[in-house]
>>> print(open('query10.txt').read())   # compact mmCIF, C-alpha atoms
# COMPACT_ATOMS: atom_id res chain seq x y z
CA MET A 694 -7.69 71.95 31.09
CA ALA A 695 -6.15 74.94 32.88
CA ALA A 696 -3.72 74.38 35.75
CA ASP A 697 -6.27 75.56 38.34
CA GLU A 698 -8.79 73.00 36.98
CA ARG A 699 -6.53 70.00 37.45
CA ARG A 700 -7.73 67.36 39.92
CA ARG A 701 -5.92 67.35 43.25
CA VAL A 702 -4.45 63.89 43.87
CA ALA A 703 -2.24 62.04 46.35
CA VAL A 704 -0.19 58.84 46.16
CA LEU A 705 -0.20 56.53 49.16
CA GLY A 706 2.91 54.35 49.01
CA ALA A 707 6.47 55.20 48.05
CA GLY A 708 7.81 52.00 46.53
CA LEU A 709 8.56 51.39 42.85
CA ILE A 710 4.86 51.67 41.97
CA GLY A 711 4.36 54.87 43.95
CA VAL A 712 7.40 56.62 42.49
CA ASP A 713 6.42 55.75 38.91
CA LEU A 714 2.88 56.94 39.64
CA ALA A 715 4.30 60.25 40.82
CA ASP A 716 6.27 60.57 37.60
CA LYS A 717 3.25 59.74 35.41
CA ILE A 718 1.00 62.15 37.31
CA ARG A 719 3.64 64.88 37.02
CA ARG A 720 3.33 64.63 33.23
CA SER A 721 -0.49 64.65 33.23
CA PRO A 722 -2.24 67.86 32.13
CA LYS A 723 -5.33 66.92 34.14
CA LEU A 724 -3.87 65.92 37.52
CA GLU A 725 -1.92 67.78 40.18
CA LEU A 726 0.07 65.66 42.61
CA THR A 727 0.05 67.43 45.95
CA LEU A 728 1.29 64.68 48.28
CA VAL A 729 3.26 61.42 48.25
CA ALA A 730 2.83 59.54 51.52
CA GLY A 731 4.98 56.73 52.85
CA ARG A 732 5.82 55.41 56.32
CA ASP A 733 9.61 55.67 56.37
CA ARG A 734 11.04 59.18 56.17
CA ASP A 735 14.37 57.81 54.95
CA SER A 736 12.93 55.61 52.19
CA LEU A 737 14.44 55.94 48.74
CA GLY A 738 10.97 56.40 47.26
CA LEU A 739 10.15 59.46 49.35
CA LEU A 740 13.57 60.92 48.58
CA ARG A 741 13.00 60.45 44.85
CA ALA A 742 9.52 61.97 45.05
CA ALA A 743 10.98 64.98 46.83
CA GLU A 744 13.66 65.29 44.15
CA MET A 745 10.86 65.50 41.58
CA GLY A 746 9.49 68.46 43.51
CA HIS A 747 6.51 66.79 45.18
CA PRO A 748 5.50 67.34 48.83
CA THR A 749 6.13 64.18 50.85
CA THR A 750 5.24 62.80 54.24
CA ALA A 751 6.08 59.72 56.30
CA GLY A 752 2.72 59.90 58.03
CA GLY A 753 0.93 57.32 55.91
CA VAL A 754 -2.82 57.40 55.43
CA ARG A 755 -3.38 59.63 58.47
CA ALA A 756 -1.31 62.36 56.85
CA VAL A 757 -3.30 61.96 53.62
CA VAL A 758 -6.57 62.43 55.50
CA GLU A 759 -5.21 65.49 57.32
CA ALA A 760 -3.91 67.07 54.10
CA GLY A 761 -7.12 66.41 52.17
CA PRO A 762 -9.63 66.37 50.82
CA PHE A 763 -8.25 65.02 47.55
CA ASP A 764 -10.19 64.36 44.37
CA VAL A 765 -8.29 61.09 43.88
CA VAL A 766 -5.98 59.03 46.06
CA PHE A 767 -3.93 56.17 44.58
CA ASP A 768 -3.25 53.30 47.00
CA ALA A 769 0.10 51.79 45.99
CA THR A 770 0.81 50.04 49.30
CA ASN A 771 -0.26 46.44 49.98
CA ALA A 772 -3.41 44.36 50.09
CA ASP A 773 -3.33 43.86 53.85
CA SER A 774 -3.49 47.61 54.51
CA HIS A 775 -5.98 48.65 51.87
CA ALA A 776 -9.21 48.04 53.80
CA GLU A 777 -7.91 50.29 56.58
CA HIS A 778 -7.02 52.97 54.02
CA TRP A 779 -10.49 52.87 52.46
CA ALA A 780 -12.12 53.10 55.89
CA ALA A 781 -10.04 56.21 56.66
CA LEU A 782 -10.55 57.89 53.27
CA ARG A 783 -14.16 57.01 52.53
CA PRO A 784 -15.65 59.77 54.72
CA THR A 785 -13.53 62.40 52.91
CA GLY A 786 -15.38 61.94 49.61
CA THR A 787 -12.26 61.04 47.63
CA THR A 788 -12.11 58.53 44.80
CA LEU A 789 -9.72 55.78 45.87
CA ILE A 790 -7.94 53.87 43.10
CA ASP A 791 -6.61 50.62 44.50
CA LEU A 792 -3.48 49.19 42.86
CA THR A 793 -3.25 46.36 45.40
CA PRO A 794 -4.83 42.93 44.75
CA THR A 795 -7.50 43.14 47.44
CA GLY A 796 -10.54 42.43 45.29
CA LEU A 797 -12.36 45.23 47.13
CA GLY A 798 -14.14 48.02 45.32
CA THR A 799 -15.44 48.02 41.75
CA VAL A 800 -13.15 46.07 39.45
CA ILE A 801 -12.11 48.18 36.45
CA VAL A 802 -10.11 47.42 33.30
CA PRO A 803 -9.76 50.37 30.89
CA GLY A 804 -10.99 49.49 27.43
CA VAL A 805 -13.34 46.87 28.87
CA ASN A 806 -15.46 48.67 31.48
CA GLY A 807 -13.49 51.87 32.06
CA HIS A 808 -16.51 53.91 30.98
CA ARG A 809 -18.18 52.87 34.26
CA ALA A 810 -15.40 54.13 36.50
CA ALA A 811 -16.68 57.69 36.98
CA ALA A 812 -19.80 56.33 38.70
CA TYR A 813 -17.81 54.80 41.58
CA ARG A 814 -15.51 56.08 44.30
CA HIS A 815 -13.69 52.85 45.16
CA LEU A 816 -11.95 51.33 42.14
CA ASN A 817 -9.89 48.15 42.08
CA LEU A 818 -7.35 47.48 39.31
CA ILE A 819 -6.99 43.76 40.09
CA SER A 820 -3.29 43.15 39.31
CA CYS A 821 -0.72 43.77 36.61
CA GLY A 822 -1.45 40.32 35.19
CA GLY A 823 -5.15 41.08 35.18
CA GLN A 824 -4.64 44.37 33.36
CA ALA A 825 -2.50 42.62 30.74
CA SER A 826 -4.67 39.55 30.18
CA ILE A 827 -8.29 40.58 30.69
CA PRO A 828 -8.60 42.89 27.65
CA VAL A 829 -7.51 39.95 25.48
CA LEU A 830 -9.68 37.43 27.32
CA HIS A 831 -12.72 39.68 27.20
CA ALA A 832 -12.23 40.06 23.44
CA ILE A 833 -11.99 36.28 23.03
CA SER A 834 -15.09 35.65 25.15
CA LYS A 835 -17.15 37.85 22.83
CA ARG A 836 -16.31 35.56 19.90
CA CYS A 837 -16.59 32.10 21.46
CA THR A 838 -17.49 30.30 24.68
CA PRO A 839 -14.44 29.60 26.86
CA THR A 840 -14.63 26.51 29.06
CA TYR A 841 -11.17 26.83 30.65
CA ILE A 842 -8.71 29.73 30.94
CA GLU A 843 -5.11 29.62 32.13
CA VAL A 844 -2.97 32.72 32.64
CA VAL A 845 0.73 32.54 33.53
CA SER A 846 2.47 35.85 34.32
CA THR A 847 6.26 36.04 34.40
CA GLY A 848 7.98 39.14 35.71
CA ALA A 849 11.53 40.07 36.58
CA SER A 850 12.43 39.61 40.24
CA ALA A 851 13.90 43.09 40.17
CA SER A 852 10.48 44.62 39.44
CA ALA A 853 8.70 42.84 42.32
CA GLY A 854 8.93 44.72 45.60
CA ARG A 855 8.27 43.41 49.09
CA ALA A 856 4.53 44.14 48.98
CA THR A 857 4.15 42.29 45.68
CA ARG A 858 5.86 39.23 47.07
CA LEU A 859 3.78 39.27 50.25
CA ASN A 860 0.55 39.62 48.27
CA LEU A 861 1.02 36.76 45.79
CA ASP A 862 -1.88 34.72 47.23
CA GLN A 863 -4.21 37.71 46.95
CA TYR A 864 -2.85 38.42 43.46
CA ILE A 865 -3.80 34.94 42.27
CA ALA A 866 -7.22 34.90 43.93
CA THR A 867 -8.21 38.40 42.78
CA THR A 868 -6.98 37.88 39.21
CA SER A 869 -8.79 34.53 38.92
CA ALA A 870 -12.04 36.05 40.19
CA ALA A 871 -11.79 38.98 37.76
CA ILE A 872 -11.14 36.66 34.81
CA ARG A 873 -14.26 34.68 35.68
CA THR A 874 -16.28 37.90 35.98
CA PHE A 875 -15.17 39.40 32.66
CA THR A 876 -15.39 36.19 30.61
CA GLY A 877 -18.21 34.23 32.23
CA THR A 878 -15.86 31.26 32.52
CA ARG A 879 -16.14 29.22 35.68
CA ASP A 880 -12.79 27.43 35.37
CA ALA A 881 -9.84 29.84 35.50
CA LYS A 882 -6.31 29.19 36.71
CA VAL A 883 -3.67 31.86 37.39
CA MET A 884 0.03 31.33 38.01
CA VAL A 885 2.86 33.78 38.72
CA ASN A 886 6.59 33.37 38.12
CA LEU A 887 9.34 35.72 39.25
CA SER A 888 12.43 35.37 37.09
CA PRO A 889 15.95 36.12 38.41
CA ALA A 890 17.38 35.97 34.87
CA ARG A 891 20.00 38.51 33.78
CA PRO A 892 19.44 40.61 31.84
CA ALA A 893 16.03 41.03 33.42
CA PRO A 894 13.25 39.87 31.05
CA PRO A 895 10.25 42.02 30.14
CA PHE A 896 6.88 41.31 31.73
CA ARG A 897 5.23 38.44 29.86
CA VAL A 898 1.79 36.85 30.12
CA ALA A 899 0.91 33.52 28.49
CA ILE A 900 -2.80 32.93 27.96
CA THR A 901 -4.44 29.61 27.10
CA VAL A 902 -8.15 29.34 26.36
CA LEU A 903 -10.11 26.15 25.71
CA ALA A 904 -13.37 27.07 24.02
CA ASP A 905 -16.30 25.97 21.93
CA GLY A 906 -17.34 27.67 18.73
CA ILE A 907 -13.98 29.18 17.80
CA ARG A 908 -13.93 31.06 14.50
CA PRO A 909 -10.30 32.04 13.81
CA ALA A 910 -10.77 35.25 11.81
CA PRO A 911 -13.14 37.03 14.24
CA VAL A 912 -11.01 35.93 17.21
CA ARG A 913 -7.85 37.35 15.64
CA THR A 914 -9.61 40.61 14.73
CA SER A 915 -10.97 41.07 18.26
CA ILE A 916 -7.59 40.38 19.89
CA ALA A 917 -5.88 42.89 17.58
CA ALA A 918 -8.48 45.54 18.45
CA ALA A 919 -8.05 44.87 22.18
CA ALA A 920 -4.27 45.19 21.87
CA ASP A 921 -4.63 48.51 20.06
CA THR A 922 -6.81 49.80 22.90
CA VAL A 923 -4.28 48.80 25.56
CA ARG A 924 -1.45 50.38 23.55
CA SER A 925 -3.31 53.70 23.56
CA TYR A 926 -2.35 54.09 27.24
CA THR A 927 0.47 51.50 27.57
CA PRO A 928 2.62 51.85 24.42
CA GLY A 929 4.89 48.93 25.36
CA PHE A 930 2.07 46.37 25.18
CA LYS A 931 2.21 43.89 22.30
CA VAL A 932 0.96 40.46 21.29
CA THR A 933 4.06 38.42 20.56
CA SER A 934 2.37 35.20 19.44
CA LEU A 935 -1.12 33.98 18.62
CA ALA A 936 -2.33 30.52 17.68
CA VAL A 937 -6.01 29.83 17.00
CA ASP A 938 -6.73 26.12 16.66
CA PRO A 939 -9.91 24.04 16.93
CA GLY A 940 -10.90 24.13 20.59
CA ARG A 941 -7.83 26.06 21.72
CA ILE A 942 -6.44 29.62 21.61
CA SER A 943 -2.92 30.46 22.77
CA VAL A 944 -1.81 34.08 23.17
CA ALA A 945 1.43 35.54 24.50
CA VAL A 946 1.68 39.21 25.39
CA GLU A 947 4.64 41.26 26.48
CA VAL A 948 4.81 44.65 28.18
CA THR A 949 7.96 46.75 27.99
CA ALA A 950 7.97 49.74 30.34
CA SER A 951 8.17 53.14 28.72
CA GLY A 952 8.05 55.34 31.83
CA SER A 953 11.01 57.66 32.33
CA ARG A 954 11.61 56.31 35.85
CA LEU A 955 11.19 52.63 35.02
CA PRO A 956 13.64 50.10 33.59
CA PRO A 957 12.31 48.36 30.45
CA HIS A 958 11.65 45.11 32.32
CA ALA A 959 9.15 46.74 34.71
CA GLY A 960 6.21 46.42 32.33
CA SER A 961 4.09 45.02 35.16
CA VAL A 962 4.37 48.35 36.98
CA ASP A 963 3.89 50.37 33.80
CA ILE A 964 0.61 48.79 32.72
CA ILE A 965 -1.23 49.03 36.05
CA ASN A 966 0.02 52.57 36.72
CA ALA A 967 -0.94 53.71 33.22
CA ALA A 968 -4.42 52.30 33.80
CA ALA A 969 -4.69 54.11 37.14
CA VAL A 970 -3.66 57.48 35.74
CA LEU A 971 -5.98 57.08 32.75
CA LEU A 972 -8.94 56.43 35.05
CA ALA A 973 -8.08 59.46 37.19
CA GLU A 974 -7.85 61.63 34.06
CA GLN A 975 -11.19 60.34 32.80
CA SER A 976 -12.69 61.12 36.19
CA ALA A 977 -11.32 64.65 35.93
CA ALA A 978 -12.84 65.08 32.48
CA ALA A 979 -16.22 63.74 33.62
CA SER A 980 -16.34 66.20 36.53
CA ARG A 981 -15.90 69.31 34.39
>>> encode(input="query10.txt", output="structure tokens")
Amino acid sequence: MAADERRRVAVLGAGLIGVDLADKIRRSPKLELTLVAGRDRDSLGLLRAAEMGHPTTAGGVRAVVEAGPFDVVFDATNADSHAEHWAALRPTGTTLIDLTPTGLGTVIVPGVNGHRAAAYRHLNLISCGGQASIPVLHAISKRCTPTYIEVVSTGASASAGRATRLNLDQYIATTSAAIRTFTGTRDAKVMVNLSPARPAPPFRVAITVLADGIRPAPVRTSIAAAADTVRSYTPGFKVTSLAVDPGRISVAVEVTASGSRLPPHAGSVDIINAAAVLLAEQSAAASR
């Protein structure tokens, strides 16, 4: 894709997620980042985005609307503000990719239903825990009938910004709802731990599935295929343990960040941002 054919995009939010998004977009051959918008002109995130050579503003969503229209806007702010952002951006015709756990918009997980994304303009990426667990859970649900699912996400405190901490209730509710949607399981429980350990641990997700009709070989094959798909856009994703027993499946996954602006422990940021950029690139390809 030639430079003048790249999709014009903006990032709303200048925290850890927004800065890593800017870095990932900068390396994309299909996207052109033309604005990073925050609300504090002295924020470290806006300063770092400017150092990377991107135009910045402290005008928030209003500045994004005024600078538009954009082909894609990434909302990397917080769940409480997202509805207002969609209301402001919807009339502009942009595709809004929501990285906050609002549960609004069409829920998308690349590798599961990413092929549907181009048909919608308001996409929701659930949560980092959802992006890490749902590909595996969807694969399991195709091979047996889950009756109970439990997902425990553990991330380093250092990788959880203020918005993440404020949105933990929404994170749990949105992730639980998405798990039920993608697996057909009515009983799903989600828990989140923030670890202050030093050195900071990588992002880990422990998955427990109680199910009927488990056949070990097909389950293992499907999980391996799902992991390969996730690794195609998040190289640091891996299954670290897998036990398939009668009536019970236990899976542990780990995500080590590979972005140039992220520390290794920030796999939670890496996986959701990689999914967001992939969807924007696929949207660019579909529009050609």
>>> closest_residue(input="query10.txt", among="A:Ser915, A:Ser850, A:Thr876, A:Asn771", to="Asp791 (chain A)", atoms="all atoms listed in the file")
A:Asn771
>>> atom_distance(input="query10.txt", atom1="CA of Gly906 (chain A)", atom2="CA of Thr838 (chain A)")
6.5 Å
>>> axis_aligned_box(input="query10.txt", around="region 805-814 of chain A", padding_each_side="5 Å", output="lines of an AutoDock Vina configuration file")
center_x = -16.6
center_y = 52.3
center_z = 36.6
size_x = 16.5
size_y = 20.8
size_z = 25.4
>>> atom_distance(input="query10.txt", atom1="CA of Asp880 (chain A)", atom2="CA of Ser834 (chain A)")
13.3 Å
>>> atom_distance(input="query10.txt", atom1="CA of Pro909 (chain A)", atom2="CA of Asp938 (chain A)")
7.5 Å
>>> closest_residue(input="query10.txt", among="A:Gly823, A:Pro889, A:Pro939, A:Gly854", to="Thr874 (chain A)", atoms="all atoms listed in the file")
A:Gly823
>>> residues_around(input="query10.txt", residues="region 856-868 of chain A", least_positions_apart="6", cutoff="12 Å", atoms="only C-alpha atoms", output="ChimeraX atom specification")
/A:706-711,769-775,792-798,800-802,817-827,842-846,848-850,874-875,881-887,961-962
>>> closest_residue(input="query10.txt", among="A:Val765, A:Met745, A:Ala917, A:Val757", to="Val946 (chain A)", atoms="all atoms listed in the file")
A:Ala917
>>> residues_near_point(input="query10.txt", point="(-4.1, 67.8, 51.6)", cutoff="9 Å", atoms="all atoms listed in the file", output="PyMOL selection string")
chain A and resi 701-703+727-728+756-763
>>> closest_residue(input="query10.txt", among="A:Val766, A:Leu714, A:Val948, A:Ala871", to="Ala781 (chain A)", atoms="only C-alpha atoms")
A:Val766
